[in-house]
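The structure file run03.cif is reproduced below (mmCIF, C-alpha atoms).
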```cif
data_input
loop_
_atom_site.label_atom_id
_atom_site.label_comp_id
_atom_site.auth_asym_id
_atom_site.auth_seq_id
_atom_site.Cartn_x
_atom_site.Cartn_y
_atom_site.Cartn_z
CA MET A 10 41.14 118.12 164.17
CA GLU A 11 40.66 114.41 163.54
CA VAL A 12 38.51 113.30 160.60
CA LEU A 13 37.07 109.81 160.20
CA VAL A 14 37.94 108.09 156.92
CA VAL A 15 35.82 105.11 155.81
CA ASN A 16 37.03 103.13 152.81
CA GLN A 17 35.15 101.20 150.14
CA HIS A 18 35.45 97.84 151.91
CA GLU A 19 34.17 99.17 155.24
CA VAL A 20 31.05 100.90 153.91
CA PRO A 21 28.92 97.74 153.36
CA GLU A 22 29.59 96.59 156.93
CA LEU A 23 28.38 99.94 158.29
CA LEU A 24 25.50 100.36 155.83
CA PRO A 25 23.65 97.03 155.48
CA MET A 26 20.95 97.09 152.80
CA GLU A 27 18.03 96.57 155.21
CA GLU A 28 19.21 99.43 157.43
CA CYS A 29 19.88 101.67 154.44
CA ILE A 30 16.32 101.22 153.18
CA GLU A 31 15.00 102.62 156.45
CA VAL A 32 17.56 105.46 156.41
CA MET A 33 16.41 106.35 152.88
CA ALA A 34 12.77 106.35 154.02
CA ASP A 35 13.59 108.86 156.75
CA ALA A 36 15.55 111.06 154.32
CA LEU A 37 12.79 111.12 151.70
CA ARG A 38 10.17 111.89 154.34
CA ALA A 39 12.28 114.85 155.43
CA LEU A 40 12.58 116.01 151.83
CA ALA A 41 8.83 115.73 151.25
CA ARG A 42 8.15 117.71 154.45
CA GLY A 43 10.50 120.47 153.31
CA ASP A 44 12.99 119.70 156.08
CA ALA A 45 15.99 119.32 153.76
CA VAL A 46 18.03 121.78 151.73
CA MET A 47 19.21 120.42 148.38
CA PRO A 48 20.20 122.39 145.28
CA LEU A 49 20.23 120.56 141.95
CA ARG A 50 23.51 118.78 141.30
CA GLY A 51 26.27 120.46 139.31
CA MET A 52 28.20 118.79 136.50
CA ALA A 53 31.19 119.62 134.35
CA GLY A 54 32.21 117.48 131.38
CA MET A 55 35.70 116.91 130.07
CA PRO A 56 36.02 118.34 126.53
CA GLU A 57 35.72 115.60 123.90
CA GLN A 58 35.70 112.87 126.54
CA ALA A 59 32.97 110.63 127.91
CA GLY A 60 33.46 111.46 131.60
CA LEU A 61 32.30 114.22 133.91
CA LEU A 62 32.75 115.60 137.39
CA ALA A 63 29.62 116.01 139.52
CA TRP A 64 28.99 117.63 142.90
CA MET A 65 25.91 117.21 145.06
CA PRO A 66 25.50 119.37 148.21
CA SER A 67 22.75 119.02 150.82
CA LEU A 68 21.80 119.93 154.40
CA LEU A 69 19.64 118.14 156.96
CA PRO A 70 18.95 120.83 159.60
CA GLY A 71 16.98 118.40 161.76
CA SER A 72 20.02 116.15 162.06
CA ASP A 73 22.52 119.02 162.37
CA VAL A 74 24.59 117.73 159.44
CA MET A 75 25.49 118.92 155.97
CA GLY A 76 27.60 117.43 153.24
CA ILE A 77 28.63 117.16 149.64
CA LYS A 78 29.39 114.26 147.33
CA VAL A 79 32.03 114.87 144.68
CA ILE A 80 32.38 112.12 142.08
CA SER A 81 33.77 111.42 138.66
CA VAL A 82 31.48 109.49 136.32
CA PHE A 83 33.28 107.59 133.55
CA PRO A 84 32.14 104.51 131.60
CA ASN A 85 35.19 102.41 132.63
CA GLU A 86 33.68 99.30 131.04
CA GLY A 87 36.15 96.45 130.90
CA THR A 88 38.44 98.02 133.50
CA GLU A 89 39.05 97.44 137.21
CA LEU A 90 37.50 100.81 138.11
CA GLU A 91 33.94 101.67 139.14
CA SER A 92 32.03 104.11 136.94
CA HIS A 93 31.38 106.37 139.97
CA GLN A 94 34.45 107.32 142.03
CA GLY A 95 34.91 109.96 144.69
CA ALA A 96 34.05 110.84 148.25
CA VAL A 97 31.26 112.15 150.43
CA LEU A 98 32.26 114.81 152.96
CA LEU A 99 30.19 114.96 156.15
CA PHE A 100 30.15 118.18 158.22
CA GLU A 101 28.39 119.01 161.47
CA ALA A 102 26.16 122.04 161.04
CA LYS A 103 26.78 123.92 164.29
CA ARG A 104 30.39 125.00 163.78
CA GLY A 105 31.05 123.57 160.32
CA GLN A 106 33.54 120.92 161.43
CA LEU A 107 34.44 118.23 158.90
CA LEU A 108 33.53 114.91 160.53
CA ALA A 109 34.11 112.24 157.91
CA ILE A 110 35.36 111.40 154.43
CA VAL A 111 33.59 108.33 153.07
CA ASP A 112 34.12 106.39 149.84
CA ALA A 113 31.40 107.42 147.39
CA SER A 114 31.44 104.37 145.10
CA GLU A 115 30.00 101.97 147.65
CA VAL A 116 27.70 104.55 149.24
CA THR A 117 26.23 105.28 145.80
CA ALA A 118 25.86 101.59 145.01
CA ILE A 119 24.04 100.79 148.25
CA ARG A 120 21.85 103.86 148.71
CA THR A 121 20.69 103.84 145.06
CA ALA A 122 19.51 100.26 145.36
CA ALA A 123 18.04 100.94 148.80
CA VAL A 124 15.82 103.70 147.40
CA SER A 125 14.68 101.33 144.64
CA GLY A 126 13.96 98.77 147.35
CA LEU A 127 11.90 101.35 149.21
CA ALA A 128 10.01 102.26 146.03
CA THR A 129 9.39 98.58 145.34
CA ARG A 130 8.10 98.04 148.87
CA LEU A 131 5.64 100.91 148.34
CA LEU A 132 4.63 100.40 144.70
CA ALA A 133 5.05 96.76 143.66
CA ARG A 134 2.24 94.27 144.17
CA GLN A 135 2.50 92.39 147.43
CA ASP A 136 2.71 89.12 145.49
CA ALA A 137 5.43 90.37 143.11
CA ASP A 138 8.01 87.57 143.03
CA ASP A 139 9.43 87.53 139.47
CA LEU A 140 12.39 89.90 139.05
CA ALA A 141 14.10 90.97 135.83
CA ILE A 142 17.34 92.95 135.95
CA LEU A 143 18.60 94.64 132.80
CA GLY A 144 22.31 95.24 133.30
CA SER A 145 24.98 93.26 135.11
CA GLY A 146 27.25 95.75 136.86
CA THR A 147 27.46 97.11 140.38
CA GLN A 148 23.88 98.40 140.43
CA ALA A 149 22.57 95.06 139.19
CA ARG A 150 24.32 93.38 142.13
CA THR A 151 23.03 95.78 144.77
CA HIS A 152 19.54 95.87 143.27
CA LEU A 153 19.32 92.12 143.59
CA GLN A 154 20.13 92.56 147.29
CA ALA A 155 17.54 95.31 147.68
CA MET A 156 14.76 93.45 145.88
CA THR A 157 15.29 90.32 148.00
CA ALA A 158 15.10 92.54 151.09
CA VAL A 159 11.56 93.74 150.27
CA ARG A 160 9.95 90.86 148.35
CA ASP A 161 10.06 87.06 148.55
CA LEU A 162 11.42 86.31 145.09
CA HIS A 163 10.93 82.99 143.33
CA ARG A 164 12.52 83.82 139.98
CA VAL A 165 15.31 86.17 138.89
CA ARG A 166 16.37 86.80 135.30
CA VAL A 167 19.23 88.99 134.16
CA TRP A 168 20.15 90.36 130.73
CA SER A 169 23.23 92.30 129.75
CA ARG A 170 24.62 93.67 126.50
CA ASP A 171 27.70 91.66 127.52
CA PRO A 172 26.51 88.07 128.05
CA GLN A 173 29.68 87.15 129.93
CA HIS A 174 28.99 89.85 132.49
CA ALA A 175 25.48 88.45 132.97
CA ARG A 176 26.91 84.96 133.46
CA SER A 177 29.42 86.31 135.96
CA LEU A 178 26.62 87.91 137.99
CA ALA A 179 24.66 84.63 137.95
CA GLU A 180 27.73 82.63 138.99
CA SER A 181 28.53 85.08 141.79
CA GLN A 182 25.00 84.76 143.11
CA ALA A 183 25.22 80.96 142.90
CA ARG A 184 28.36 81.01 145.06
CA ARG A 185 26.55 83.06 147.70
CA GLY A 186 23.61 80.68 147.71
CA GLY A 187 19.91 81.48 147.89
CA ILE A 188 17.84 82.15 144.80
CA SER A 189 19.45 81.29 141.47
CA VAL A 190 19.76 83.78 138.61
CA GLU A 191 18.83 82.86 135.04
CA VAL A 192 20.65 84.52 132.14
CA SER A 193 18.33 85.71 129.36
CA ALA A 194 19.44 86.04 125.74
CA THR A 195 17.47 89.25 125.15
CA ALA A 196 16.01 92.06 127.22
CA GLN A 197 12.54 91.14 126.00
CA ARG A 198 12.86 87.56 127.22
CA ALA A 199 14.14 88.79 130.57
CA VAL A 200 11.15 91.02 131.27
CA GLU A 201 8.31 88.91 129.83
CA GLY A 202 5.98 88.13 132.73
CA ALA A 203 8.20 89.87 135.29
CA SER A 204 6.41 91.65 138.14
CA ILE A 205 9.49 93.72 139.10
CA ILE A 206 11.92 95.15 136.54
CA CYS A 207 15.13 97.02 137.34
CA THR A 208 16.98 98.80 134.53
CA THR A 209 20.55 99.36 135.66
CA THR A 210 22.47 100.00 132.42
CA SER A 211 24.40 102.93 131.00
CA ALA A 212 22.33 102.78 127.80
CA THR A 213 21.30 106.08 126.22
CA GLU A 214 18.80 104.45 123.83
CA PRO A 215 15.80 102.44 125.08
CA ILE A 216 16.52 98.90 126.18
CA LEU A 217 13.04 98.43 127.73
CA GLU A 218 9.95 98.79 125.54
CA GLY A 219 6.49 99.40 126.92
CA ARG A 220 4.93 96.59 124.89
CA TRP A 221 7.06 94.05 126.78
CA ILE A 222 5.89 95.11 130.26
CA SER A 223 3.19 92.98 131.86
CA ALA A 224 0.13 94.46 133.52
CA GLY A 225 0.74 95.07 137.22
CA ALA A 226 4.52 95.27 136.93
CA HIS A 227 6.69 97.73 138.81
CA VAL A 228 9.77 99.24 137.13
CA ASN A 229 12.78 100.83 138.82
CA ALA A 230 14.46 102.96 136.14
CA VAL A 231 17.94 103.43 137.54
CA GLY A 232 20.61 103.58 134.84
CA PHE A 233 21.34 106.62 132.71
CA ALA A 234 20.75 109.83 134.71
CA GLY A 235 20.69 112.76 132.33
CA PRO A 236 18.30 114.64 130.05
CA THR A 237 19.71 113.41 126.73
CA GLY A 238 19.49 109.61 127.08
CA ARG A 239 17.04 106.99 128.31
CA GLU A 240 16.56 103.32 129.08
CA LEU A 241 12.74 103.31 128.64
CA ASP A 242 10.83 104.13 125.48
CA ALA A 243 7.97 106.63 125.45
CA GLU A 244 5.31 103.91 125.50
CA ALA A 245 6.71 102.46 128.71
CA VAL A 246 6.57 105.84 130.43
CA ALA A 247 3.17 106.83 129.05
CA GLN A 248 1.34 103.67 130.14
CA ALA A 249 2.56 103.82 133.76
CA ARG A 250 2.03 105.88 136.88
CA LEU A 251 5.35 107.66 137.23
CA PHE A 252 6.99 108.40 140.57
CA ALA A 253 10.12 110.42 141.30
CA ASP A 254 12.61 110.76 144.10
CA ARG A 255 12.12 114.51 143.54
CA ARG A 256 9.88 116.38 141.11
CA GLU A 257 12.43 119.09 140.36
CA SER A 258 15.01 116.46 139.46
CA ILE A 259 12.78 114.41 137.16
CA GLN A 260 11.60 117.54 135.34
CA ASN A 261 15.18 118.72 134.73
CA GLU A 262 17.38 115.64 134.57
CA ALA A 263 15.44 112.48 133.62
CA GLY A 264 15.78 111.56 129.96
CA ASP A 265 13.22 108.77 130.35
CA PHE A 266 10.62 111.43 131.16
CA LEU A 267 11.95 114.42 129.21
CA LEU A 268 12.33 112.60 125.89
CA ALA A 269 8.87 111.03 126.21
CA LYS A 270 7.56 114.53 126.91
CA LYS A 271 9.43 115.93 123.90
CA GLU A 272 7.76 113.29 121.73
CA GLY A 273 4.34 114.34 123.04
CA ALA A 274 3.66 111.09 124.88
CA VAL A 275 3.33 112.71 128.33
CA GLY A 276 3.11 116.10 130.01
CA ASP A 277 4.37 117.46 133.32
CA ASP A 278 1.20 116.24 135.02
CA HIS A 279 2.20 112.66 134.24
CA VAL A 280 4.48 112.66 137.31
CA ALA A 281 2.23 111.26 140.03
CA GLY A 282 4.47 112.44 142.85
CA GLU A 283 7.49 111.72 145.00
CA ILE A 284 8.29 108.61 147.01
CA GLY A 285 8.45 110.77 150.14
CA GLU A 286 4.89 111.94 149.49
CA VAL A 287 3.75 108.32 149.32
CA LEU A 288 5.49 107.67 152.63
CA LEU A 289 3.71 110.63 154.23
CA GLY A 290 0.34 109.58 152.81
CA LYS A 291 0.03 112.75 150.71
CA ILE A 292 -0.48 110.73 147.52
CA ALA A 293 -1.50 107.17 146.79
CA GLY A 294 0.97 104.56 145.65
CA ARG A 295 -0.31 101.61 143.64
CA THR A 296 -4.05 101.94 143.00
CA SER A 297 -4.84 98.58 141.37
CA PRO A 298 -3.28 95.14 140.78
CA GLU A 299 -3.17 95.78 137.01
CA GLU A 300 -1.53 99.20 137.18
CA ILE A 301 2.03 99.58 135.91
CA THR A 302 4.22 101.77 138.12
CA ILE A 303 7.63 103.30 137.41
CA PHE A 304 10.06 104.77 139.88
CA GLU A 305 12.49 107.11 138.10
CA SER A 306 15.66 107.03 140.17
CA LEU A 307 18.03 109.93 139.69
CA GLY A 308 19.84 109.82 143.01
CA LEU A 309 19.74 112.69 145.46
CA ALA A 310 22.37 114.39 147.55
CA ILE A 311 20.13 114.07 150.59
CA GLU A 312 20.32 110.28 150.19
CA ASP A 313 24.12 110.40 150.23
CA LEU A 314 24.10 112.68 153.27
CA ALA A 315 21.71 110.47 155.24
CA ALA A 316 23.65 107.33 154.30
CA VAL A 317 27.01 108.80 155.28
CA ASN A 318 25.61 110.18 158.54
CA HIS A 319 24.47 106.63 159.34
CA VAL A 320 27.90 105.26 158.39
CA TYR A 321 29.57 107.84 160.63
CA ARG A 322 27.40 107.02 163.63
CA ARG A 323 27.87 103.26 163.15
CA ALA A 324 31.64 103.72 162.81
CA GLN A 325 31.70 105.73 166.05
CA GLU A 326 29.84 102.92 167.81
CA THR A 327 31.99 100.11 166.43
CA GLY A 328 35.39 101.75 166.19
CA ARG A 329 35.60 101.16 162.43
CA GLY A 330 37.31 103.48 159.98
CA SER A 331 40.59 105.34 160.28
CA ARG A 332 41.32 108.66 161.94
CA LEU A 333 43.22 111.33 160.04
CA GLU A 334 44.62 114.57 161.42
CA LEU A 335 43.51 117.11 158.85
CA GLY A 336 43.14 120.55 160.40
CA GLY A 337 40.46 123.19 160.79
CA GLU A 338 41.66 124.61 164.12
CA ARG A 339 42.34 128.32 164.54
CA HIS A 340 46.02 129.22 164.85
#
```

Exercise: express the given structure as structure tokens:
Amino acid sequence: MEVLVVNQHEVPELLPMEECIEVMADALRALARGDAVMPLRGMAGMPEQAGLLAWMPSLLPGSDVMGIKVISVFPNEGTELESHQGAVLLFEAKRGQLLAIVDASEVTAIRTAAVSGLATRLLARQDADDLAILGSGTQARTHLQAMTAVRDLHRVRVWSRDPQHARSLAESQARRGGISVEVSATAQRAVEGASIICTTTSATEPILEGRWISAGAHVNAVGFAGPTGRELDAEAVAQARLFADRRESIQNEAGDFLLAKKEGAVGDDHVAGEIGEVLLGKIAGRTSPEEITIFESLGLAIEDLAAVNHVYRRAQETGRGSRLELGGERH
């Protein structure tokens, strides 16, 4: 049987940010309605090394598809390699046929930022136009795209632990045109007065303190996804209404929340709800102009599945991707 293969360079053409935001909205609605099947992700770490292997299965019965993302997660700072590498396998759910193998690095980069864009559209003030990005890697780049897709930005500041990386991001944006990016010397200077903040680092100790966050700001906490590290301090979490992509995930995997809970700053009831529940009108989003909101992004298998299903359908329509004879037929 033929399988479609979509490489890293083809994914952005088949999964534009604006389209991906809508695809993510549909996926999170399905999850909130109970129309998706998604076990918690599995992980296995290499002994005495910084990397790990992760696998994320999911099923969307309403769309007759199922899939799994398998990725390695390694720091890879200062190298030519992405931190997340692997593939998403898309299967049809009637006979179990493998339909597509899609590069996971670019899917992860786009769909993660798209969910943050969706959360920002729902939770940020309508007049939010001052963006601060902490971090300067792939997620910083795609989050800038996502934030400009949902808000009319007038100022963008970026901070990175590596100032040269921050300057490179600003220069890259300048070459593309549009809004310019300012490089801030410290994280505090970057976020002062910002109405939207995206934390996109691999930090395991807080790089965003609650006392720096302005009233009415919205925060997308995106970087470290694990129970033992965090980008936000306990004060930041405690003073905000906290939203999740999935309750079960935030209560098991989110160090931003779990470490604040361990320190006694918050309890389980501090999680206001899921983005999908806001979309369905089951819970309120922002309740006042002064309220601080946080979206804790952990990344869900159902997001990968929905994104890759969209990529597959777009590739079928446009003739993109390569076809590979792989097998699966009965002999």

Practice problem: Would you list the contacts of stretch 284-295 of chain A as an MDAnalysis selection string, taking every protein, DNA or RNA residue within 12 Å and counting all atoms listed in the file, but skipping same-chain residues closer than 2 positions in sequence? | Solution: chainID A and resid 31 33:45 124:135 225:227 249:256 280:282 297:306 312

Quiz item: Any idea what the distance is between atom CA of A:Ser193 and atom CA of A:Leu162?
Solution: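 About the pair atom CA of A:Ser193 and atom CA of A:Leu162: they are 17.2 Å apart.
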
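Distance-wise, atom CA of A:Gly202 and atom CA of A:Ser223 end up 5.7 Å apart.
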
Quiz prompt | Residue with smallest distance to A:Asn16 - pool A:Ala179, A:Val97, A:Leu68, A:Met75, counting all atoms listed in the file | solution = A:Val97

Quiz item: Residues at most 10 Å from A:Gln94, counting all atoms listed in the file, excluding those fewer than 5 positions away in the same chain, as a PyMOL selection string?
Solution: chain A and resi 62+79-83+112-115+117

Exercise. List the residues selected by the PyMOL selection byres ((chain A and resi 119) around 12) in the file shown, writing them as a PyMOL selection string.
Key: chain A and resi 17+20-30+32-33+112-118+120-126+147-155+308+312-313+316-317+320

Exercise. Could you state which residues are captured by the PyMOL selection byres ((chain A and resi 334-338) around 8) in this file, as a VMD selection string?
Key: chain A and resid 10 to 12 106 332 to 333 339 to 340
